[in-house]
Structure formats: C-alpha cells, structure tokens
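Colleague: Have a peek at structure_7.csv (CSV, C-alpha atoms).
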```csv
chain,number,residue,atom,x,y,z
A,1,MET,CA,111.4,77.7,114.3
A,2,GLY,CA,108.3,79.7,115.0
A,3,PRO,CA,105.3,79.9,112.7
A,4,GLY,CA,105.5,82.1,109.6
A,5,ILE,CA,102.7,84.6,109.3
A,6,LEU,CA,101.9,86.5,106.1
A,7,ILE,CA,99.9,89.8,106.3
A,8,ILE,CA,98.5,91.0,102.9
A,9,VAL,CA,97.7,94.6,102.3
A,10,PHE,CA,97.9,96.0,98.8
A,11,LYS,CA,96.2,99.4,99.4
A,12,GLY,CA,97.9,102.7,100.0
A,13,ILE,CA,100.6,103.9,102.3
A,14,GLY,CA,98.2,104.9,105.0
A,15,ASP,CA,96.5,101.5,105.0
A,16,VAL,CA,99.8,99.7,105.4
A,17,LEU,CA,100.8,102.0,108.2
A,18,LEU,CA,97.5,101.4,110.0
A,19,THR,CA,98.2,97.7,110.0
A,20,THR,CA,101.4,98.0,112.0
A,21,PRO,CA,99.6,97.7,115.4
A,22,LEU,CA,98.6,94.2,114.3
A,23,LEU,CA,102.3,93.4,113.7
A,24,ARG,CA,103.1,94.5,117.3
A,25,ALA,CA,100.2,92.4,118.7
A,26,LEU,CA,101.3,89.3,116.7
A,27,LYS,CA,104.9,89.6,117.9
A,28,ASN,CA,103.9,90.2,121.5
A,29,GLY,CA,101.4,87.3,121.4
A,30,MET,CA,103.7,84.9,119.5
A,31,PRO,CA,107.3,86.0,120.2
A,32,ASP,CA,108.8,83.3,118.2
A,33,SER,CA,106.8,84.0,115.1
A,34,ARG,CA,108.3,85.1,111.8
A,35,LEU,CA,106.2,88.0,110.3
A,36,TYR,CA,106.1,88.7,106.6
A,37,PHE,CA,104.2,91.4,104.7
A,38,LEU,CA,102.9,91.4,101.2
A,39,THR,CA,102.3,94.8,99.7
A,40,ARG,CA,103.2,97.2,96.9
A,41,ARG,CA,106.4,99.1,96.4
A,42,PRO,CA,105.2,102.6,97.3
A,43,SER,CA,104.8,101.3,100.9
A,44,ARG,CA,108.4,100.2,101.1
A,45,GLY,CA,109.5,103.0,103.4
A,46,ILE,CA,106.7,102.2,105.9
A,47,LEU,CA,108.0,98.7,106.5
A,48,GLU,CA,111.7,98.6,105.7
A,49,ASN,CA,112.8,99.5,109.2
A,50,ASN,CA,110.1,97.7,111.1
A,51,PRO,CA,112.0,95.4,113.6
A,52,ARG,CA,109.1,93.1,113.9
A,53,LEU,CA,109.3,91.9,110.3
A,54,SER,CA,111.3,89.0,109.0
A,55,GLY,CA,110.7,90.0,105.4
A,56,VAL,CA,108.6,92.1,103.0
A,57,PHE,CA,107.3,90.9,99.6
A,58,TYR,CA,106.2,93.2,96.8
A,59,ARG,CA,103.4,92.3,94.5
A,60,GLU,CA,105.3,93.9,91.6
A,61,ASP,CA,108.0,91.2,92.0
A,62,ARG,CA,105.7,88.2,91.4
A,63,PRO,CA,106.8,86.9,94.8
A,64,LEU,CA,104.8,83.7,95.2
A,65,GLY,CA,107.9,81.5,95.0
A,66,ALA,CA,109.7,83.5,97.6
A,67,ILE,CA,106.6,83.4,99.8
A,68,ARG,CA,106.4,79.6,99.6
A,69,ARG,CA,110.1,79.3,100.5
A,70,ALA,CA,109.6,81.5,103.6
A,71,GLY,CA,107.4,78.7,105.2
A,72,ILE,CA,104.1,80.4,105.8
A,73,ASP,CA,101.7,78.8,108.4
A,74,ILE,CA,99.1,81.5,108.8
A,75,SER,CA,97.9,84.2,106.4
A,76,LEU,CA,95.8,87.3,107.2
A,77,ASP,CA,94.3,88.8,104.0
A,78,PHE,CA,92.9,92.3,104.4
A,79,MET,CA,92.1,92.9,100.8
A,80,ARG,CA,89.4,90.3,100.2
A,81,SER,CA,90.1,90.2,96.5
A,82,THR,CA,90.8,87.4,94.0
A,83,SER,CA,94.5,88.4,93.7
A,84,SER,CA,95.1,88.6,97.4
A,85,GLY,CA,93.1,85.3,98.0
A,86,PHE,CA,95.4,83.6,95.4
A,87,TYR,CA,98.5,84.5,97.4
A,88,ALA,CA,96.9,83.4,100.6
A,89,LEU,CA,95.7,80.0,99.1
A,90,PHE,CA,99.0,79.2,97.5
A,91,SER,CA,101.3,80.6,100.2
A,92,GLY,CA,101.2,77.2,101.9
A,93,ALA,CA,99.4,78.5,105.0
A,94,LYS,CA,97.3,76.0,106.8
A,95,LYS,CA,95.3,78.8,108.5
A,96,ARG,CA,94.1,81.4,106.1
A,97,LEU,CA,92.1,84.3,107.7
A,98,ALA,CA,90.0,87.0,106.1
A,99,PHE,CA,86.9,88.8,107.1
A,100,ARG,CA,83.9,87.1,105.6
A,101,TYR,CA,83.0,88.0,102.0
A,102,PRO,CA,81.0,86.1,99.3
A,103,ALA,CA,83.9,84.5,97.4
A,104,GLY,CA,86.1,84.1,100.4
A,105,ARG,CA,85.6,80.4,100.9
A,106,LEU,CA,87.5,79.8,97.6
A,107,PHE,CA,90.6,81.0,99.4
A,108,HIS,CA,90.3,81.1,103.2
A,109,ASN,CA,89.3,78.6,105.9
A,110,ILE,CA,88.8,81.0,108.8
A,111,MET,CA,86.4,83.9,108.1
A,112,PRO,CA,85.0,85.8,111.0
A,113,VAL,CA,82.3,88.4,110.4
A,114,LYS,CA,83.8,91.9,110.9
A,115,ARG,CA,81.8,93.8,113.6
A,116,GLU,CA,80.8,97.3,112.5
A,117,GLY,CA,81.1,100.3,114.7
A,118,ALA,CA,84.5,99.5,116.2
A,119,GLY,CA,85.5,103.1,115.7
A,120,TYR,CA,89.1,103.9,114.7
A,121,THR,CA,89.9,101.7,111.7
A,122,VAL,CA,92.9,100.1,113.4
A,123,TYR,CA,90.4,98.4,115.8
A,124,ASP,CA,88.6,97.0,112.7
A,125,ARG,CA,91.8,95.3,111.6
A,126,LEU,CA,92.7,94.0,115.0
A,127,GLN,CA,89.5,92.0,115.1
A,128,LEU,CA,91.1,89.5,112.7
A,129,LEU,CA,93.4,88.4,115.5
A,130,GLU,CA,90.5,87.1,117.6
A,131,PRO,CA,90.3,83.7,116.0
A,132,LEU,CA,94.0,83.2,116.9
A,133,GLY,CA,93.4,84.2,120.5
A,134,ILE,CA,95.8,87.1,120.3
A,135,PRO,CA,95.1,90.3,122.3
A,136,HIS,CA,96.3,93.7,121.3
A,137,ASP,CA,97.9,96.5,123.2
A,138,GLY,CA,96.4,99.6,121.5
A,139,HIS,CA,95.9,101.4,118.3
A,140,SER,CA,99.1,103.4,117.8
A,141,PRO,CA,100.7,102.8,114.4
A,142,GLU,CA,104.5,102.4,114.2
A,143,LEU,CA,107.0,103.8,111.7
A,144,SER,CA,110.7,103.8,112.4
A,145,PHE,CA,113.3,106.0,110.6
A,146,GLY,CA,117.0,106.2,110.8
A,147,PRO,CA,119.7,108.7,111.9
A,148,GLY,CA,120.1,109.9,108.3
A,149,ASN,CA,116.4,110.8,108.1
A,150,ALA,CA,116.6,112.6,111.4
A,151,ALA,CA,119.7,114.5,110.3
A,152,ARG,CA,118.0,115.7,107.0
A,153,ALA,CA,114.9,116.9,108.9
A,154,GLN,CA,117.1,118.7,111.4
A,155,ALA,CA,119.2,120.3,108.7
A,156,PHE,CA,116.0,121.7,107.1
A,157,LEU,CA,114.7,123.1,110.3
A,158,ASP,CA,118.1,124.6,111.2
A,159,GLY,CA,118.3,126.2,107.7
A,160,ALA,CA,114.9,127.7,108.2
A,161,GLY,CA,115.9,129.2,111.5
A,162,ILE,CA,113.3,127.1,113.5
A,163,PRO,CA,114.6,126.5,117.0
A,164,PRO,CA,113.7,123.6,119.3
A,165,GLY,CA,110.3,124.3,121.0
A,166,ALA,CA,109.0,126.5,118.2
A,167,PHE,CA,105.3,126.0,117.3
A,168,THR,CA,105.8,124.2,114.0
A,169,VAL,CA,102.9,123.2,111.8
A,170,THR,CA,103.1,120.9,108.8
A,171,LEU,CA,100.4,121.5,106.2
A,172,ASP,CA,99.2,118.8,103.7
A,173,ILE,CA,96.8,120.3,101.2
A,174,THR,CA,96.8,117.5,98.6
A,175,SER,CA,95.1,114.2,98.1
A,176,PRO,CA,95.1,111.6,95.3
A,177,ARG,CA,91.3,111.6,95.6
A,178,GLU,CA,89.7,114.8,94.3
A,179,HIS,CA,86.7,114.7,96.6
A,180,ARG,CA,89.1,115.1,99.6
A,181,ARG,CA,90.6,118.3,98.4
A,182,TRP,CA,89.5,121.6,100.1
A,183,ALA,CA,90.2,124.8,98.1
A,184,PRO,CA,94.0,125.6,98.2
A,185,ALA,CA,93.1,129.2,98.9
A,186,ASN,CA,91.4,128.1,102.1
A,187,PHE,CA,94.5,126.2,103.2
A,188,ALA,CA,96.6,129.3,102.4
A,189,ARG,CA,94.4,131.3,104.8
A,190,LEU,CA,94.7,128.7,107.5
A,191,ALA,CA,98.5,128.9,107.2
A,192,ASP,CA,98.3,132.7,107.5
A,193,SER,CA,96.0,132.5,110.5
A,194,LEU,CA,98.2,130.0,112.3
A,195,ALA,CA,101.2,132.3,111.7
A,196,ALA,CA,99.4,135.4,112.8
A,197,GLY,CA,97.4,133.9,115.8
A,198,PHE,CA,100.0,131.5,117.2
A,199,GLY,CA,103.4,132.5,115.8
A,200,ALA,CA,103.4,129.2,113.9
A,201,ARG,CA,106.1,128.3,111.4
A,202,VAL,CA,104.1,126.6,108.7
A,203,ILE,CA,105.7,124.0,106.4
A,204,PHE,CA,103.8,123.1,103.2
A,205,LEU,CA,104.3,119.4,102.3
A,206,TRP,CA,104.2,118.0,98.8
A,207,GLY,CA,104.7,114.7,97.0
A,208,PRO,CA,105.3,113.5,93.4
A,209,GLY,CA,103.3,115.5,90.9
A,210,GLU,CA,102.1,118.0,93.6
A,211,LEU,CA,104.7,120.7,93.6
A,212,ASP,CA,103.1,123.2,91.3
A,213,TYR,CA,99.7,122.8,93.0
A,214,VAL,CA,101.3,123.5,96.4
A,215,LYS,CA,103.4,126.4,95.1
A,216,ALA,CA,100.2,128.0,93.7
A,217,ALA,CA,98.6,127.8,97.2
A,218,MET,CA,101.6,129.3,98.9
A,219,ALA,CA,101.5,132.2,96.4
A,220,ALA,CA,98.0,132.9,97.6
A,221,SER,CA,99.3,133.4,101.2
A,222,SER,CA,99.8,136.8,102.7
A,223,GLU,CA,102.6,135.5,105.1
A,224,LYS,CA,105.8,133.9,104.1
A,225,HIS,CA,105.7,130.1,104.7
A,226,LEU,CA,108.2,127.2,104.2
A,227,LEU,CA,108.2,124.6,101.4
A,228,CYS,CA,109.3,121.1,102.5
A,229,PRO,CA,112.3,119.8,100.6
A,230,ASP,CA,112.0,116.7,98.3
A,231,PHE,CA,111.7,114.3,101.3
A,232,ASP,CA,111.1,110.6,101.1
A,233,LEU,CA,108.6,108.9,103.5
A,234,LEU,CA,111.2,108.4,106.2
A,235,ASP,CA,112.5,112.0,106.0
A,236,LEU,CA,108.9,113.1,106.3
A,237,ALA,CA,108.4,111.0,109.3
A,238,ALA,CA,111.4,112.5,111.0
A,239,LEU,CA,110.1,116.0,110.2
A,240,LEU,CA,106.6,115.2,111.5
A,241,LYS,CA,108.1,113.9,114.7
A,242,ARG,CA,109.6,117.4,115.3
A,243,SER,CA,106.3,119.1,114.4
A,244,SER,CA,103.9,120.6,116.9
A,245,LEU,CA,100.8,120.0,114.8
A,246,HIS,CA,99.9,118.4,111.5
A,247,VAL,CA,97.0,119.9,109.5
A,248,GLY,CA,95.6,118.7,106.2
A,249,THR,CA,93.5,116.2,104.3
A,250,SER,CA,92.8,112.6,105.2
A,251,SER,CA,95.9,111.1,103.6
A,252,ALA,CA,99.1,109.3,104.3
A,253,PRO,CA,101.0,112.3,106.0
A,254,MET,CA,98.2,112.4,108.6
A,255,HIS,CA,98.7,108.8,109.5
A,256,ILE,CA,102.5,109.2,109.5
A,257,ALA,CA,102.1,112.1,111.9
A,258,VAL,CA,100.0,109.9,114.2
A,259,SER,CA,102.7,107.3,114.1
A,260,GLN,CA,105.2,109.9,115.4
A,261,GLY,CA,102.9,111.0,118.3
A,262,THR,CA,102.2,114.4,116.6
A,263,PRO,CA,98.8,116.0,117.1
A,264,THR,CA,96.6,116.4,114.0
A,265,PHE,CA,93.8,118.4,112.6
A,266,THR,CA,92.1,116.9,109.5
A,267,VAL,CA,89.6,118.4,107.0
A,268,TYR,CA,87.2,115.6,106.0
A,269,ALA,CA,84.8,115.3,103.1
A,270,PRO,CA,81.4,113.8,103.8
A,271,GLU,CA,82.4,110.4,102.3
A,272,ASN,CA,85.0,109.8,105.0
A,273,SER,CA,84.2,109.2,108.7
A,274,PRO,CA,86.4,111.1,111.3
A,275,ALA,CA,85.4,108.3,113.8
A,276,SER,CA,87.1,105.8,111.5
A,277,TRP,CA,90.1,107.7,110.4
A,278,SER,CA,91.1,110.0,113.2
A,279,PRO,CA,92.5,108.3,116.2
A,280,PRO,CA,90.8,108.8,119.6
A,281,GLY,CA,92.1,111.3,122.1
A,282,PRO,CA,92.3,115.1,122.6
A,283,GLN,CA,95.5,115.4,120.4
A,284,HIS,CA,93.4,114.9,117.3
A,285,ALA,CA,90.6,117.1,116.0
A,286,TRP,CA,88.8,117.6,112.7
A,287,ALA,CA,86.2,119.5,110.7
A,288,GLN,CA,83.9,117.9,108.1
A,289,GLY,CA,81.5,119.0,105.4
A,290,ASP,CA,80.9,119.3,101.7
A,291,LEU,CA,84.3,120.7,100.8
A,292,ALA,CA,82.9,122.8,98.0
A,293,ALA,CA,80.8,124.7,100.6
A,294,LEU,CA,82.7,124.2,103.8
A,295,SER,CA,83.6,127.8,104.9
A,296,PHE,CA,87.0,128.9,106.1
A,297,ASP,CA,85.5,130.4,109.2
A,298,ALA,CA,83.9,127.1,110.3
A,299,VAL,CA,87.2,125.3,109.9
A,300,TRP,CA,89.3,128.0,111.5
A,301,ALA,CA,87.0,128.1,114.6
A,302,ARG,CA,87.8,124.4,115.2
A,303,LEU,CA,91.4,124.5,114.2
A,304,GLY,CA,92.1,127.7,116.2
A,305,ALA,CA,90.5,126.1,119.3
A,306,HIS,CA,92.6,123.0,118.8
A,307,ALA,CA,95.8,124.9,118.4
A,308,ALA,CA,95.1,127.0,121.5
A,309,SER,CA,94.5,123.8,123.5
A,310,LEU,CA,97.8,122.3,122.3
A,311,ARG,CA,99.7,125.5,123.1
A,312,GLY,CA,98.0,125.7,126.5
A,313,SER,CA,98.9,122.1,127.4
A,314,ALA,CA,102.5,122.7,126.3
A,315,ARG,CA,103.0,125.5,128.8
```
What would you get if you wrote out this structure as structure tokens?
Modeller:
Amino acid sequence: MGPGILIIVFKGIGDVLLTTPLLRALKNGMPDSRLYFLTRRPSRGILENNPRLSGVFYREDRPLGAIRRAGIDISLDFMRSTSSGFYALFSGAKKRLAFRYPAGRLFHNIMPVKREGAGYTVYDRLQLLEPLGIPHDGHSPELSFGPGNAARAQAFLDGAGIPPGAFTVTLDITSPREHRRWAPANFARLADSLAAGFGARVIFLWGPGELDYVKAAMAASSEKHLLCPDFDLLDLAALLKRSSLHVGTSSAPMHIAVSQGTPTFTVYAPENSPASWSPPGPQHAWAQGDLAALSFDAVWARLGAHAASLRGSAR
C-alpha cells in the first residue's frame, strides 16, 4: 500500500480549488499514494468528484479518529494555525510539512521558507512539494462535474434560447468581503455594454443570501439579462464551462471558471494582487483600483478590449 498523504486547507472554496494542481502533482509523482483532504463542508463540491482523492475529511465532523485510521504518512498543512497543526501532529504522519512560521516547530518537522514573488498563488502552494522532490506540471486547477450537472446547465441555456457558439458571459457581482465589491450599478452597465457591443447573452450569478442584491443590480440594467437558477457548485462549473467569458469580483466563481478553461475578467480592489490571483496568459485580464472611485469607463476600456480579443481569436 502506498503512502497516505493528508492535505489541510480550511479556507474558502477558491483556496481549496487552487490546491488541486498539487493533488495532480502528488499523484503523478507518487502514483501509488493515497491522497486525503481535510477541509470544511462548503468545499465539498470542489472535491467530491476528484478522481485523485482516496477520501475527504471535514473539520465539522471532528475527523481525527478517521484520519488516524486512514494511515497517514505525510501531511501538508497550508493553514499554519494551531488547529491545523493539531491535525497534522496527531494524524500519525512521520513527515509533517508546512511553510515556516513562528509556532510551526510545535507541529511540523519539515518547514521550508516560502519564496515570495512566485506569481500566481498556485505556484506558491506548489513550493511545498520541493522537500519531497516532486515536480509539478502546471498551474491549472481541476474541478470535475457529472452528467447531471451538465444536463441542468444545458437545460437552462436551451430554455433561455442560447444556441451553441453564442457569446455567453457569466457575471458575478458579489463577494463575502465588502472591500471587493464594485458598485452594482457599474456591473449593470458592463452587462448592458457587453450586450450592446458584442451581442453577449449575460447571465447574473448569485449564491446564498445574494439574490436580492443581484436582482437590484439587474433592475438597474437597460437591457434584459438572465438570472442564473439556484445552481450548486457543480452545476455552476458546468455552466461556466459553456460560457465564453466570466466577469466579476475576485471570488470562487472566477476560480471555478479558470478550472473549466473559461477566460476571465476580474475587477480587483487595491488589497488584492492580480499577479497572485489571476492566472497567467492572454485568456485572463483585469482592472484594479479603489473600488469606490474606479470609474466605469476605465473598467470598460479594458474589458471591451479583452472581449474584442476573445471574439477575434474565436473567428
């Protein structure tokens, strides 16, 4: 039986998704390994269909007993916290890796210093494989969905009269962090401009507790746009795979779009680095500024150029 490896990420859905290239590298480098993930329940959809995983543990379930029974030999802790360190220490792992931090020696015995300036955050995470001598094969995150998810996304598109090949744009105007939210009226204008300038069919996305906020933005639009159904994460992934472009804040739907090979355009607050959170390559573009002062015209100039480039490359 191959070594059991536990990856620990308690943060949000996007953070879990951005760790999936590490799973691919581990499985490629150690084909007989058994990979396990410790996270929180909101990230379940990100991991449940991942063929590289032998199991997923959820912190809400108090899973230490199950973790120990899995036979863990190596742990990789990306949280660098007391609680995550506890799980690493008592998992039974002989090799316990985390990037160096002041209290880390209480829990971990392999602690490389994370190099700054690696660029896209996935490359930051992949550095933790270096003490194990495992190379990686790139930064692309992975998210698998099933036939049922694809069928629900297709049924929505068919019901909206969107044929294959139409220029379809998903729009995510929300964020759990207030400083990442640009004015909803500005996003409404972006939707109108995409429809008028590129014939785009624009689909407004929403999640739990966001429906009224999104509907208010749609009401400010001059054009008629579409509201996404009450999709779960995997339905959303299937829809994003069919989209021509995803536009919005720096949040989980943007990372899901990247996992499906869909181009993105992201509006960033000053606190968030586009170099860290947008993947490299011409498919992905962005605008950044103080969101209280960032003008519609400045964002549209960049988004319009990106959309034109994508439309040109599709011809």
Colleague: Within 10 Å of stretch 121-145 of chain A, which residues of stretch 2-39 of chain A come that close, and what is the closest atom pair and distance in Å for each? Count only C-alpha atoms and give it as JSON lines.
Modeller:
```
{"residue": "A:Gly14", "atom": "CA", "partner": "A:Pro141", "partner_atom": "CA", "distance": 10.0}
{"residue": "A:Asp15", "atom": "CA", "partner": "A:Val122", "partner_atom": "CA", "distance": 9.2}
{"residue": "A:Val16", "atom": "CA", "partner": "A:Pro141", "partner_atom": "CA", "distance": 9.6}
{"residue": "A:Leu17", "atom": "CA", "partner": "A:Pro141", "partner_atom": "CA", "distance": 6.3}
{"residue": "A:Leu18", "atom": "CA", "partner": "A:Pro141", "partner_atom": "CA", "distance": 5.6}
{"residue": "A:Thr19", "atom": "CA", "partner": "A:Val122", "partner_atom": "CA", "distance": 6.7}
{"residue": "A:Thr20", "atom": "CA", "partner": "A:Pro141", "partner_atom": "CA", "distance": 5.4}
{"residue": "A:Pro21", "atom": "CA", "partner": "A:Pro141", "partner_atom": "CA", "distance": 5.3}
{"residue": "A:Leu22", "atom": "CA", "partner": "A:Leu126", "partner_atom": "CA", "distance": 5.9}
{"residue": "A:Leu23", "atom": "CA", "partner": "A:Glu142", "partner_atom": "CA", "distance": 9.3}
{"residue": "A:Arg24", "atom": "CA", "partner": "A:His136", "partner_atom": "CA", "distance": 7.9}
{"residue": "A:Ala25", "atom": "CA", "partner": "A:His136", "partner_atom": "CA", "distance": 4.9}
{"residue": "A:Leu26", "atom": "CA", "partner": "A:Ile134", "partner_atom": "CA", "distance": 6.9}
{"residue": "A:Lys27", "atom": "CA", "partner": "A:Ile134", "partner_atom": "CA", "distance": 9.7}
{"residue": "A:Asn28", "atom": "CA", "partner": "A:His136", "partner_atom": "CA", "distance": 8.4}
{"residue": "A:Gly29", "atom": "CA", "partner": "A:Ile134", "partner_atom": "CA", "distance": 5.7}
{"residue": "A:Met30", "atom": "CA", "partner": "A:Ile134", "partner_atom": "CA", "distance": 8.2}
```
Colleague: Go through A:Ala200, A:Leu64, A:Ala252, A:Leu291 and flag the residue nearest A:Asp172, using all atoms listed in the file for the distances.
Modeller: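 Nearest to A:Asp172: A:Ala252.
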Colleague: A:Ile7, A:Val258, A:Leu303, A:Ala93: which is nearest A:Gly281, counting all atoms listed in the file?
Modeller: A:Val258
Colleague: With distances taken over all atoms listed in the file, which of A:Pro42, A:Asn109, A:Asp77, A:Arg34 is nearest to A:Val9?
Modeller: A:Asp77
Colleague: Could you give me, as a ChimeraX atom specification, the residues that have an atom at most 10 Å away from the point (110.0, 116.7, 100.1) in the coordinates of the file, using all atoms listed in the file?
Modeller: /A:204-208,211,227-233,235-236
Colleague: Taking (114.6, 119.2, 111.2) in the file's coordinates as the center, which residues reach within 10 Å of it, counting only C-alpha atoms, put as a ChimeraX atom specification?
Modeller: /A:149-160,162-164,235-236,238-243
Colleague: Considering all atoms listed in the file, return as a list in words whatever protein or nucleic-acid residues lie within 8 Å of A:Ile110, sequence-local ones (same chain, fewer than 6 positions apart) excluded.
Modeller: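 Near neighbours after the sequence-gap exclusion: Lys95, Arg96, Leu97, Ala98 and Pro131 of chain A.
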Colleague: What is the atom CA of A:Met218-atom CA of A:Trp277 distance in Å, reported with one decimal?
Modeller: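 Between atom CA of A:Met218 and atom CA of A:Trp277 the gap works out to 27.0 Å.
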Colleague: Kindly add N, CA and C atoms to the incomplete stretch 230-255 of chain A and provide the output as a JSON list (two decimals), in the frame of the given file.
Modeller:
```json
[["chain", "number", "residue", "atom", "x", "y", "z"],
["A", 230, "ASP", "N", 112.39, 117.95, 99.01],
["A", 230, "ASP", "CA", 112.00, 116.70, 98.30],
["A", 230, "ASP", "C", 112.31, 115.54, 99.25],
["A", 231, "PHE", "N", 111.51, 115.38, 100.31],
["A", 231, "PHE", "CA", 111.70, 114.30, 101.30],
["A", 231, "PHE", "C", 111.08, 113.04, 100.90],
["A", 232, "ASP", "N", 111.73, 111.91, 101.25],
["A", 232, "ASP", "CA", 111.10, 110.60, 101.10],
["A", 232, "ASP", "C", 110.20, 110.37, 102.36],
["A", 233, "LEU", "N", 109.54, 109.22, 102.40],
["A", 233, "LEU", "CA", 108.60, 108.90, 103.50],
["A", 233, "LEU", "C", 109.28, 108.98, 104.87],
["A", 234, "LEU", "N", 110.50, 108.47, 104.94],
["A", 234, "LEU", "CA", 111.20, 108.40, 106.20],
["A", 234, "LEU", "C", 111.70, 109.77, 106.66],
["A", 235, "ASP", "N", 112.17, 110.57, 105.70],
["A", 235, "ASP", "CA", 112.50, 112.00, 106.00],
["A", 235, "ASP", "C", 111.30, 112.71, 106.54],
["A", 236, "LEU", "N", 110.17, 112.48, 105.86],
["A", 236, "LEU", "CA", 108.90, 113.10, 106.30],
["A", 236, "LEU", "C", 108.54, 112.71, 107.68],
["A", 237, "ALA", "N", 108.68, 111.43, 107.99],
["A", 237, "ALA", "CA", 108.40, 111.00, 109.30],
["A", 237, "ALA", "C", 109.23, 111.68, 110.38],
["A", 238, "ALA", "N", 110.51, 111.85, 110.06],
["A", 238, "ALA", "CA", 111.40, 112.50, 111.00],
["A", 238, "ALA", "C", 110.99, 114.00, 111.17],
["A", 239, "LEU", "N", 110.56, 114.64, 110.09],
["A", 239, "LEU", "CA", 110.10, 116.00, 110.20],
["A", 239, "LEU", "C", 108.79, 116.10, 111.01],
["A", 240, "LEU", "N", 107.87, 115.18, 110.76],
["A", 240, "LEU", "CA", 106.60, 115.20, 111.50],
["A", 240, "LEU", "C", 106.81, 114.93, 112.97],
["A", 241, "LYS", "N", 107.81, 114.15, 113.31],
["A", 241, "LYS", "CA", 108.10, 113.90, 114.70],
["A", 241, "LYS", "C", 108.52, 115.20, 115.42],
["A", 242, "ARG", "N", 109.15, 116.10, 114.69],
["A", 242, "ARG", "CA", 109.60, 117.40, 115.30],
["A", 242, "ARG", "C", 108.49, 118.44, 115.20],
["A", 243, "SER", "N", 107.36, 118.15, 114.54],
["A", 243, "SER", "CA", 106.30, 119.10, 114.40],
["A", 243, "SER", "C", 105.41, 119.22, 115.61],
["A", 244, "SER", "N", 104.84, 120.39, 115.83],
["A", 244, "SER", "CA", 103.90, 120.60, 116.90],
["A", 244, "SER", "C", 102.50, 120.16, 116.58],
["A", 245, "LEU", "N", 102.16, 120.24, 115.28],
["A", 245, "LEU", "CA", 100.80, 120.00, 114.80],
["A", 245, "LEU", "C", 100.87, 119.68, 113.32],
["A", 246, "HIS", "N", 100.09, 118.70, 112.89],
["A", 246, "HIS", "CA", 99.90, 118.40, 111.50],
["A", 246, "HIS", "C", 98.51, 118.75, 111.06],
["A", 247, "VAL", "N", 98.34, 119.54, 109.99],
["A", 247, "VAL", "CA", 97.00, 119.90, 109.50],
["A", 247, "VAL", "C", 96.91, 119.52, 108.05],
["A", 248, "GLY", "N", 95.72, 119.01, 107.66],
["A", 248, "GLY", "CA", 95.60, 118.70, 106.20],
["A", 248, "GLY", "C", 94.40, 117.78, 105.94],
["A", 249, "THR", "N", 94.49, 117.17, 104.77],
["A", 249, "THR", "CA", 93.50, 116.20, 104.30],
["A", 249, "THR", "C", 93.65, 114.88, 104.94],
["A", 250, "SER", "N", 92.69, 114.01, 104.69],
["A", 250, "SER", "CA", 92.80, 112.60, 105.20],
["A", 250, "SER", "C", 93.65, 111.86, 104.16],
["A", 251, "SER", "N", 94.94, 111.75, 104.48],
["A", 251, "SER", "CA", 95.90, 111.10, 103.60],
["A", 251, "SER", "C", 97.06, 110.58, 104.34],
["A", 252, "ALA", "N", 98.04, 110.02, 103.62],
["A", 252, "ALA", "CA", 99.10, 109.30, 104.30],
["A", 252, "ALA", "C", 99.91, 110.20, 105.27],
["A", 253, "PRO", "N", 100.23, 111.48, 104.97],
["A", 253, "PRO", "CA", 101.00, 112.30, 106.00],
["A", 253, "PRO", "C", 100.28, 112.37, 107.31],
["A", 254, "MET", "N", 98.94, 112.40, 107.30],
["A", 254, "MET", "CA", 98.20, 112.40, 108.60],
["A", 254, "MET", "C", 98.50, 111.18, 109.39],
["A", 255, "HIS", "N", 98.45, 110.02, 108.75],
["A", 255, "HIS", "CA", 98.70, 108.80, 109.50],
["A", 255, "HIS", "C", 100.16, 108.68, 109.91]]
```
